[in-house]
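One file, structure.json, carrying JSON, C-alpha atoms:
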[["chain", "number", "residue", "atom", "x", "y", "z"],
["A", 131, "MET", "CA", 32.99, -0.42, -6.07],
["A", 132, "GLU", "CA", 29.39, -1.49, -5.56],
["A", 133, "LEU", "CA", 25.89, -0.31, -6.31],
["A", 134, "PRO", "CA", 24.32, 2.03, -3.77],
["A", 135, "LYS", "CA", 21.85, 0.52, -1.32],
["A", 136, "PHE", "CA", 18.33, 1.91, -1.60],
["A", 137, "ASN", "CA", 18.81, 4.13, 1.48],
["A", 138, "ASP", "CA", 21.96, 5.56, -0.12],
["A", 139, "THR", "CA", 19.72, 7.13, -2.77],
["A", 140, "PHE", "CA", 17.71, 9.26, -0.29],
["A", 141, "LEU", "CA", 19.96, 12.32, -0.44],
["A", 142, "PRO", "CA", 20.52, 12.18, -4.22],
["A", 143, "ILE", "CA", 16.76, 12.05, -4.76],
["A", 144, "ILE", "CA", 16.18, 15.01, -2.44],
["A", 145, "ASP", "CA", 18.92, 16.94, -4.22],
["A", 146, "ILE", "CA", 17.41, 16.36, -7.67],
["A", 147, "LEU", "CA", 13.96, 17.43, -6.47],
["A", 148, "ARG", "CA", 15.05, 20.33, -4.27],
["A", 149, "ASP", "CA", 14.04, 23.00, -6.84],
["A", 150, "GLY", "CA", 10.41, 22.00, -6.32],
["A", 151, "ARG", "CA", 9.56, 21.01, -9.89],
["A", 152, "ILE", "CA", 7.27, 18.10, -10.65],
["A", 153, "VAL", "CA", 9.29, 15.32, -12.26],
["A", 154, "PRO", "CA", 8.05, 12.16, -14.03],
["A", 155, "GLY", "CA", 9.02, 9.10, -12.02],
["A", 156, "ARG", "CA", 11.04, 7.56, -14.84],
["A", 157, "GLU", "CA", 12.82, 10.86, -15.44],
["A", 158, "LEU", "CA", 13.79, 11.03, -11.78],
["A", 159, "LEU", "CA", 15.49, 7.64, -12.04],
["A", 160, "ARG", "CA", 17.47, 8.87, -15.05],
["A", 161, "LEU", "CA", 18.46, 12.17, -13.43],
["A", 162, "VAL", "CA", 19.67, 10.53, -10.21],
["A", 163, "GLU", "CA", 21.66, 7.93, -12.10],
["A", 164, "GLU", "CA", 23.12, 10.51, -14.48],
["A", 165, "LYS", "CA", 24.30, 12.86, -11.73],
["A", 166, "TYR", "CA", 25.43, 10.41, -9.06],
["A", 167, "TYR", "CA", 26.08, 6.98, -10.53],
["A", 168, "SER", "CA", 27.00, 7.37, -14.20],
["A", 169, "THR", "CA", 30.68, 6.72, -13.46],
["A", 170, "LEU", "CA", 30.02, 3.24, -12.11],
["A", 171, "PRO", "CA", 31.39, 0.45, -14.32],
["A", 172, "PRO", "CA", 29.00, -1.09, -16.85],
["A", 173, "GLU", "CA", 29.01, -4.47, -15.09],
["A", 174, "LEU", "CA", 27.41, -2.77, -12.07],
["A", 175, "LEU", "CA", 25.05, -0.51, -14.00],
["A", 176, "ASN", "CA", 23.78, -3.51, -15.98],
["A", 177, "GLN", "CA", 23.02, -5.70, -12.97],
["A", 178, "THR", "CA", 19.40, -6.81, -12.82],
["A", 179, "THR", "CA", 17.00, -8.20, -10.25],
["A", 180, "LYS", "CA", 15.77, -11.78, -10.52],
["A", 181, "SER", "CA", 12.76, -10.48, -12.46],
["A", 182, "GLY", "CA", 14.96, -8.64, -15.01],
["A", 183, "ASP", "CA", 14.60, -5.03, -13.81],
["A", 184, "ARG", "CA", 17.75, -2.92, -13.64],
["A", 185, "LEU", "CA", 18.95, -3.17, -10.05],
["A", 186, "LEU", "CA", 20.08, 0.46, -9.78],
["A", 187, "GLU", "CA", 16.72, 1.76, -10.99],
["A", 188, "ASN", "CA", 14.96, -0.61, -8.61],
["A", 189, "ARG", "CA", 16.91, 0.76, -5.64],
["A", 190, "ILE", "CA", 16.32, 4.39, -6.60],
["A", 191, "ALA", "CA", 12.61, 3.64, -6.94],
["A", 192, "TRP", "CA", 12.57, 2.08, -3.47],
["A", 193, "GLY", "CA", 14.40, 5.11, -2.12],
["A", 194, "LYS", "CA", 11.69, 7.34, -3.60],
["A", 195, "SER", "CA", 8.99, 5.16, -2.08],
["A", 196, "TYR", "CA", 10.44, 5.35, 1.42],
["A", 197, "LEU", "CA", 10.96, 9.10, 1.17],
["A", 198, "LYS", "CA", 7.28, 9.36, 0.33],
["A", 199, "LYS", "CA", 6.40, 7.40, 3.47],
["A", 200, "GLY", "CA", 8.56, 9.79, 5.47],
["A", 201, "GLY", "CA", 6.72, 12.79, 3.99],
["A", 202, "LEU", "CA", 9.77, 14.21, 2.21],
["A", 203, "VAL", "CA", 8.30, 13.73, -1.27],
["A", 204, "HIS", "CA", 4.80, 13.16, -2.60],
["A", 205, "TYR", "CA", 3.06, 12.16, -5.82],
["A", 206, "PRO", "CA", 1.06, 15.18, -7.04],
["A", 207, "GLN", "CA", -0.37, 13.14, -9.90],
["A", 208, "ARG", "CA", -0.05, 9.67, -11.29],
["A", 209, "GLY", "CA", 3.50, 8.88, -12.41],
["A", 210, "TYR", "CA", 5.02, 12.12, -11.08],
["A", 211, "VAL", "CA", 6.98, 13.03, -7.94],
["A", 212, "GLN", "CA", 7.70, 16.32, -6.16],
["A", 213, "ILE", "CA", 9.50, 17.35, -2.99],
["A", 214, "THR", "CA", 7.35, 18.48, -0.03],
["A", 215, "GLU", "CA", 7.88, 21.44, 2.29],
["A", 216, "LYS", "CA", 9.30, 19.00, 4.81],
["A", 217, "GLY", "CA", 11.72, 17.79, 2.17],
["A", 218, "LYS", "CA", 12.71, 21.32, 1.19],
["A", 219, "SER", "CA", 13.51, 22.28, 4.78],
["A", 220, "ALA", "CA", 15.67, 19.19, 5.23],
["A", 221, "LYS", "CA", 19.26, 20.38, 4.81],
["A", 222, "VAL", "CA", 21.41, 17.86, 3.03],
["A", 223, "GLU", "CA", 24.55, 18.72, 4.97],
["A", 224, "THR", "CA", 22.85, 18.10, 8.32],
["A", 225, "ILE", "CA", 20.92, 14.94, 7.49],
["A", 226, "SER", "CA", 22.77, 11.65, 7.76],
["A", 227, "ILE", "CA", 21.64, 8.41, 6.21],
["A", 228, "ASP", "CA", 21.16, 7.07, 9.73],
["A", 229, "GLN", "CA", 18.79, 9.93, 10.56],
["A", 230, "LEU", "CA", 16.77, 9.36, 7.43],
["A", 231, "ALA", "CA", 16.65, 5.66, 8.17],
["A", 232, "SER", "CA", 15.42, 6.45, 11.67],
["A", 233, "ASP", "CA", 12.70, 8.77, 10.42],
["A", 234, "VAL", "CA", 11.61, 6.81, 7.38],
["A", 235, "ILE", "CA", 12.39, 3.17, 8.03],
["A", 236, "GLY", "CA", 12.32, 2.94, 11.80],
["A", 237, "PHE", "CA", 8.57, 2.64, 12.15],
["A", 238, "TYR", "CA", 8.67, -0.68, 10.33],
["A", 239, "LYS", "CA", 10.68, -2.23, 13.14],
["A", 240, "PRO", "CA", 9.50, -2.83, 16.72],
["A", 241, "GLU", "CA", 11.21, -1.01, 19.58],
["A", 242, "GLY", "CA", 14.40, -2.71, 20.65],
["A", 243, "ALA", "CA", 14.77, -4.46, 17.30],
["A", 244, "ILE", "CA", 18.22, -5.83, 16.63],
["A", 245, "SER", "CA", 20.41, -4.12, 14.07],
["A", 246, "GLU", "CA", 20.05, -4.87, 10.40],
["A", 247, "LYS", "CA", 23.40, -6.69, 10.27],
["A", 248, "GLN", "CA", 22.49, -8.83, 13.28],
["A", 249, "GLU", "CA", 19.09, -9.58, 11.80],
["A", 250, "ILE", "CA", 20.62, -10.71, 8.52],
["A", 251, "ALA", "CA", 23.23, -12.82, 10.29],
["A", 252, "ASN", "CA", 20.59, -14.57, 12.40],
["A", 253, "SER", "CA", 18.10, -15.12, 9.57],
["A", 254, "SER", "CA", 17.78, -18.05, 7.24],
["A", 255, "PRO", "CA", 17.44, -17.39, 3.49],
["A", 256, "GLN", "CA", 13.73, -18.19, 3.82],
["A", 257, "ASP", "CA", 13.41, -15.68, 6.67],
["A", 258, "LEU", "CA", 14.98, -13.00, 4.49],
["A", 259, "ILE", "CA", 12.66, -13.82, 1.58],
["A", 260, "ASP", "CA", 9.60, -13.69, 3.83],
["A", 261, "SER", "CA", 10.75, -10.42, 5.40],
["A", 262, "GLY", "CA", 11.34, -8.85, 1.99],
["A", 263, "ILE", "CA", 7.93, -9.92, 0.71],
["A", 264, "GLU", "CA", 6.30, -8.56, 3.85],
["A", 265, "GLN", "CA", 7.94, -5.16, 3.35],
["A", 266, "ILE", "CA", 6.80, -5.07, -0.28],
["A", 267, "GLU", "CA", 3.25, -5.95, 0.75],
["A", 268, "ASP", "CA", 3.24, -3.25, 3.46],
["A", 269, "ASN", "CA", 4.44, -0.68, 0.93],
["A", 270, "VAL", "CA", 1.70, -1.61, -1.55],
["A", 271, "LYS", "CA", -0.99, -1.42, 1.14],
["A", 272, "ILE", "CA", 0.17, 2.03, 2.27],
["A", 273, "GLU", "CA", 0.09, 3.30, -1.32],
["A", 274, "LEU", "CA", -3.30, 1.65, -1.86],
["A", 275, "LEU", "CA", -4.81, 3.42, 1.16],
["A", 276, "GLN", "CA", -3.35, 6.75, 0.06],
["A", 277, "LYS", "CA", -4.85, 6.23, -3.40],
["A", 278, "LEU", "CA", -8.29, 5.43, -1.95],
["A", 279, "LYS", "CA", -8.25, 8.69, 0.00],
["A", 280, "LEU", "CA", -7.74, 10.66, -3.22],
["A", 281, "ILE", "CA", -10.24, 9.09, -5.61],
["A", 282, "ASP", "CA", -13.72, 10.44, -6.26],
["A", 283, "PRO", "CA", -16.17, 9.48, -3.44],
["A", 284, "PHE", "CA", -18.53, 7.82, -5.93],
["A", 285, "ALA", "CA", -15.61, 5.83, -7.38],
["A", 286, "PHE", "CA", -14.73, 4.77, -3.84],
["A", 287, "GLU", "CA", -18.25, 3.45, -3.31],
["A", 288, "ARG", "CA", -17.98, 1.37, -6.44],
["A", 289, "VAL", "CA", -14.58, 0.01, -5.36],
["A", 290, "ILE", "CA", -16.23, -1.31, -2.19],
["A", 291, "LEU", "CA", -19.00, -3.01, -4.15],
["A", 292, "ILE", "CA", -16.46, -4.57, -6.54],
["A", 293, "LEU", "CA", -14.46, -5.85, -3.55],
["A", 294, "LEU", "CA", -17.48, -7.46, -1.93],
["A", 295, "ASN", "CA", -18.42, -9.08, -5.22],
["A", 296, "ARG", "CA", -14.84, -10.40, -5.57],
["A", 297, "MET", "CA", -15.13, -11.82, -2.04],
["A", 298, "GLY", "CA", -17.99, -14.04, -3.18],
["A", 299, "TYR", "CA", -21.07, -11.98, -2.48],
["A", 300, "GLY", "CA", -23.79, -11.84, -5.13],
["A", 301, "GLU", "CA", -24.88, -9.10, -7.49],
["A", 302, "PHE", "CA", -24.85, -5.54, -6.25],
["A", 303, "ILE", "CA", -26.96, -2.47, -6.86],
["A", 304, "GLU", "CA", -25.60, 1.06, -6.64],
["A", 305, "THR", "CA", -28.11, 3.43, -5.07],
["A", 306, "SER", "CA", -28.96, 6.80, -6.56],
["A", 307, "LYS", "CA", -26.29, 9.40, -5.91],
["A", 308, "SER", "CA", -28.93, 11.84, -4.74],
["A", 309, "ARG", "CA", -30.93, 11.11, -1.63],
["A", 310, "ASP", "CA", -29.45, 7.69, -1.06],
["A", 311, "GLY", "CA", -30.53, 8.02, 2.58],
["A", 312, "GLY", "CA", -27.16, 6.91, 3.91],
["A", 313, "ILE", "CA", -27.06, 3.78, 1.73],
["A", 314, "ASP", "CA", -24.40, 3.68, -0.99],
["A", 315, "GLY", "CA", -25.13, 0.21, -2.29],
["A", 316, "ILE", "CA", -27.03, -3.01, -1.77],
["A", 317, "ILE", "CA", -25.39, -6.38, -2.27],
["A", 318, "ASN", "CA", -26.79, -9.88, -2.12],
["A", 319, "GLU", "CA", -25.36, -12.00, 0.67],
["A", 320, "ASP", "CA", -24.99, -14.91, -1.75],
["A", 321, "GLN", "CA", -25.24, -15.67, -5.45],
["A", 322, "LEU", "CA", -28.95, -16.58, -5.13],
["A", 323, "GLY", "CA", -29.85, -13.30, -3.48],
["A", 324, "LEU", "CA", -31.49, -14.88, -0.44],
["A", 325, "GLU", "CA", -30.73, -11.87, 1.74],
["A", 326, "LYS", "CA", -29.58, -8.30, 1.15],
["A", 327, "ILE", "CA", -26.76, -6.40, 2.82],
["A", 328, "TYR", "CA", -26.72, -2.60, 2.87],
["A", 329, "ILE", "CA", -23.43, -0.80, 2.28],
["A", 330, "GLN", "CA", -22.20, 2.59, 3.46],
["A", 331, "ALA", "CA", -18.83, 3.86, 2.25],
["A", 332, "LYS", "CA", -17.17, 6.97, 3.70],
["A", 333, "ARG", "CA", -13.99, 8.18, 2.05],
["A", 334, "TYR", "CA", -12.36, 10.21, 4.82],
["A", 335, "THR", "CA", -8.80, 11.53, 4.79],
["A", 336, "ASP", "CA", -8.35, 12.08, 8.52],
["A", 337, "ASN", "CA", -11.71, 12.41, 10.26],
["A", 338, "LYS", "CA", -13.03, 9.35, 12.04],
["A", 339, "VAL", "CA", -16.54, 7.99, 11.56],
["A", 340, "ARG", "CA", -18.65, 9.12, 14.52],
["A", 341, "GLU", "CA", -21.72, 7.78, 16.31],
["A", 342, "PRO", "CA", -24.23, 9.92, 14.34],
["A", 343, "ASP", "CA", -22.92, 8.40, 11.09],
["A", 344, "ILE", "CA", -23.66, 4.90, 12.39],
["A", 345, "ARG", "CA", -27.03, 6.00, 13.74],
["A", 346, "ASN", "CA", -28.02, 7.48, 10.37],
["A", 347, "PHE", "CA", -26.89, 4.31, 8.61],
["A", 348, "ILE", "CA", -29.01, 2.14, 10.88],
["A", 349, "GLY", "CA", -31.97, 4.46, 10.40],
["A", 350, "ALA", "CA", -31.65, 4.25, 6.62],
["A", 351, "MET", "CA", -31.78, 0.45, 6.57],
["A", 352, "SER", "CA", -35.25, -0.70, 5.53],
["A", 353, "GLY", "CA", -37.16, -3.63, 6.94],
["A", 354, "ASP", "CA", -35.98, -6.08, 4.29],
["A", 355, "THR", "CA", -32.51, -6.51, 5.80],
["A", 356, "ALA", "CA", -30.88, -6.70, 9.20],
["A", 357, "LYS", "CA", -27.29, -6.62, 7.97],
["A", 358, "GLY", "CA", -25.01, -3.77, 6.99],
["A", 359, "ILE", "CA", -21.36, -3.06, 6.24],
["A", 360, "PHE", "CA", -19.88, 0.37, 6.98],
["A", 361, "VAL", "CA", -16.53, 0.98, 5.28],
["A", 362, "THR", "CA", -14.18, 3.93, 5.66],
["A", 363, "THR", "CA", -10.64, 4.85, 4.64],
["A", 364, "SER", "CA", -10.01, 6.24, 8.13],
["A", 365, "ASP", "CA", -11.28, 4.66, 11.37],
["A", 366, "PHE", "CA", -14.22, 4.62, 13.79],
["A", 367, "ASP", "CA", -14.27, 6.46, 17.10],
["A", 368, "GLU", "CA", -15.24, 4.57, 20.26],
["A", 369, "ASN", "CA", -18.83, 5.84, 20.33],
["A", 370, "ALA", "CA", -19.33, 4.71, 16.73],
["A", 371, "LYS", "CA", -18.05, 1.24, 17.61],
["A", 372, "LYS", "CA", -20.35, 1.05, 20.64],
["A", 373, "LYS", "CA", -23.36, 2.16, 18.57],
["A", 374, "ALA", "CA", -22.72, -0.51, 15.94],
["A", 375, "LYS", "CA", -22.24, -3.20, 18.57],
["A", 376, "ALA", "CA", -25.43, -2.25, 20.42],
["A", 377, "ALA", "CA", -27.61, -2.11, 17.28],
["A", 378, "HIS", "CA", -30.34, -4.70, 16.71],
["A", 379, "HIS", "CA", -28.94, -5.02, 13.21],
["A", 380, "THR", "CA", -25.68, -6.81, 12.45],
["A", 381, "ILE", "CA", -23.28, -4.01, 11.53],
["A", 382, "VAL", "CA", -19.76, -4.86, 10.36],
["A", 383, "LEU", "CA", -17.22, -2.02, 10.56],
["A", 384, "VAL", "CA", -14.29, -2.02, 8.13],
["A", 385, "ASN", "CA", -11.59, 0.63, 8.69],
["A", 386, "GLY", "CA", -8.87, 1.68, 6.27],
["A", 387, "LEU", "CA", -6.28, -0.87, 7.38],
["A", 388, "ARG", "CA", -8.73, -3.76, 7.17],
["A", 389, "LEU", "CA", -9.98, -2.49, 3.82],
["A", 390, "VAL", "CA", -6.56, -2.55, 2.14],
["A", 391, "GLU", "CA", -5.86, -5.97, 3.66],
["A", 392, "LEU", "CA", -8.98, -7.30, 1.94],
["A", 393, "MET", "CA", -8.27, -5.50, -1.33],
["A", 394, "TYR", "CA", -4.74, -6.94, -1.38],
["A", 395, "LYS", "CA", -5.96, -10.45, -0.56],
["A", 396, "PHE", "CA", -8.68, -10.48, -3.22],
["A", 397, "GLY", "CA", -6.70, -8.63, -5.89],
["A", 398, "VAL", "CA", -8.72, -5.40, -6.12],
["A", 399, "GLY", "CA", -6.70, -2.35, -7.15],
["A", 400, "VAL", "CA", -3.44, -4.31, -7.24],
["A", 401, "GLN", "CA", -1.73, -6.49, -9.81],
["A", 402, "VAL", "CA", 1.12, -8.97, -9.91],
["A", 403, "LYS", "CA", 4.28, -7.15, -10.99],
["A", 404, "ASN", "CA", 6.90, -9.86, -10.57],
["A", 405, "SER", "CA", 6.94, -13.54, -9.72],
["A", 406, "TYR", "CA", 9.94, -15.54, -8.60],
["A", 407, "GLU", "CA", 10.73, -19.22, -8.87],
["A", 408, "VAL", "CA", 12.64, -20.85, -6.00],
["A", 409, "LYS", "CA", 13.96, -24.33, -6.66],
["A", 410, "ALA", "CA", 14.89, -27.01, -4.11],
["A", 411, "LEU", "CA", 16.78, -30.27, -4.38],
["A", 412, "ASP", "CA", 14.62, -33.12, -5.71],
["A", 413, "ASN", "CA", 15.65, -36.12, -3.61],
["A", 414, "ASP", "CA", 13.07, -38.34, -5.32],
["A", 415, "PHE", "CA", 14.90, -37.78, -8.60],
["A", 416, "PHE", "CA", 18.18, -39.12, -7.21],
["A", 417, "GLU", "CA", 16.51, -42.03, -5.46],
["A", 418, "ASN", "CA", 14.86, -43.18, -8.66],
["A", 419, "GLU", "CA", 16.22, -46.58, -9.69],
["A", 420, "ASP", "CA", 16.10, -45.60, -13.36],
["A", 421, "ILE", "CA", 19.06, -43.23, -13.10]]

Structure rendered as structure tokens:
Amino acid sequence: MELPKFNDTFLPIIDILRDGRIVPGRELLRLVEEKYYSTLPPELLNQTTKSGDRLLENRIAWGKSYLKKGGLVHYPQRGYVQITEKGKSAKVETISIDQLASDVIGFYKPEGAISEKQEIANSSPQDLIDSGIEQIEDNVKIELLQKLKLIDPFAFERVILILLNRMGYGEFIETSKSRDGGIDGIINEDQLGLEKIYIQAKRYTDNKVREPDIRNFIGAMSGDTAKGIFVTTSDFDENAKKKAKAAHHTIVLVNGLRLVELMYKFGVGVQVKNSYEVKALDNDFFENEDI
């Protein structure tokens, strides 16, 4: 007997949530374990990750996370999970683990990627560590972008100003929430405030930023600055990019993917959950004449 892999938990999770109720995340872990894995021997149930988390709970949680990426479940509020219409219409008896893996996991691998077993066999331990960390980082960034699309627009503006400040820019000023003229904030380019940068933040779910948005932003910039940063959770259409590039001002465009990359790098909206220590042989120790 062995613990289920994280993709083995897809169908159990869907089954527990199929009635449509909203379930606390921790409760979902308990319900899945109780119904499907409670008969496993204690030595398996008590296995932990290197950071001390229960391994079974960790794998169920990852299963939930990947189902969310595949659109089969969603998080209606913080700490809770619920099946989606797509998840409800997915019939357990007709969905194989391979199909779920294709739908949910496949987009993480390039076309023509070798099989998982081949990849593991051809990878060094360091390769596997790096690949695992990369997948965790990608998951966090996806969740971070989804979170940004749900928060209050004014809170989103402040997140952008906090990020820029964390990146080393100087003090910032939030503009009035009424009649801000297309400017959401003003930040000093450096700690001494030698030059100002105007900020525009658009929290879009799907719509792209268009050329008129860039034109209005440029028009709202006063004569005391020639630099601006336009940030969005979505992306910019081609005309918007051309308008920014052709402007006499220096306009930097930051789309959703670039935004979460920066937030992850500078520790805004994320926190360290686990840290691992990897030890290597100390040859200097054995070559020391004192031993």

Q.
So, with only C-alpha atoms as the atoms that count, which of A:Glu264, A:Asp183, A:Glu157, A:Asp365 lies closest to Thr335 (chain A)?
A. A:Asp365

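Distances from A:Lys165, A:Lys218, A:Arg296, A:Arg345 to Ile144 (chain A) were compared using all atoms listed in the file, and the smallest one belongs to A:Lys218.
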
Q. Using only C-alpha atoms, which residues sit within 12 Å of region 313-328 of chain A once same-chain residues fewer than 3 positions away are excluded, as a count of residues only?
A. 53

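Going from CA of Phe366 (chain A) over to CA of Lys198 (chain A), you cover 25.8 Å.
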
Q) Taking all atoms listed in the file into account, which of A:Asp367, A:Glu164, A:Asp268, A:Asp282 comes nearest Ile146 (chain A)? A) A:Glu164

Q) Which of these, A:Pro342, A:Gly262, A:Gly193, A:Gly150, has the shortest distance to Ile213 (chain A) once you count only C-alpha atoms? A) A:Gly150

**Q.** Best match for closeness to Glu407 (chain A) among A:Gly201, A:Val153, A:Ile259, A:Asn188, counting only C-alpha atoms
**A.**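 Going through A:Gly201, A:Val153, A:Ile259, A:Asn188 one by one, the smallest distance to Glu407 (chain A) is for A:Ile259.
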
Would you kindly place N, CA and C atoms on region 344-355 of chain A and return the model as a CSV table (one decimal), in the frame of the given file?
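Final output, saved to result-v4.csv:
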chain,number,residue,atom,x,y,z
A,344,ILE,N,-23.1,6.3,12.2
A,344,ILE,CA,-23.7,4.9,12.4
A,344,ILE,C,-25.2,4.9,12.6
A,345,ARG,N,-25.6,5.9,13.4
A,345,ARG,CA,-27.0,6.0,13.7
A,345,ARG,C,-27.8,6.3,12.5
A,346,ASN,N,-27.3,7.2,11.6
A,346,ASN,CA,-28.0,7.5,10.4
A,346,ASN,C,-28.0,6.3,9.4
A,347,PHE,N,-27.0,5.5,9.4
A,347,PHE,CA,-26.9,4.3,8.6
A,347,PHE,C,-27.9,3.3,9.1
A,348,ILE,N,-28.0,3.1,10.4
A,348,ILE,CA,-29.0,2.1,10.9
A,348,ILE,C,-30.4,2.6,10.6
A,349,GLY,N,-30.6,3.9,10.7
A,349,GLY,CA,-32.0,4.5,10.4
A,349,GLY,C,-32.4,4.3,8.9
A,350,ALA,N,-31.4,4.3,8.1
A,350,ALA,CA,-31.6,4.2,6.6
A,350,ALA,C,-31.9,2.8,6.1
A,351,MET,N,-31.6,1.8,7.0
A,351,MET,CA,-31.8,0.4,6.6
A,351,MET,C,-33.3,0.1,6.7
A,352,SER,N,-33.8,-0.4,5.6
A,352,SER,CA,-35.2,-0.7,5.5
A,352,SER,C,-35.5,-2.0,6.2
A,353,GLY,N,-36.8,-2.4,6.2
A,353,GLY,CA,-37.2,-3.6,6.9
A,353,GLY,C,-36.8,-4.9,6.2
A,354,ASP,N,-36.3,-4.8,5.0
A,354,ASP,CA,-36.0,-6.1,4.3
A,354,ASP,C,-34.6,-6.6,4.5
A,355,THR,N,-33.8,-6.0,5.5
A,355,THR,CA,-32.5,-6.5,5.8
A,355,THR,C,-32.2,-6.2,7.2
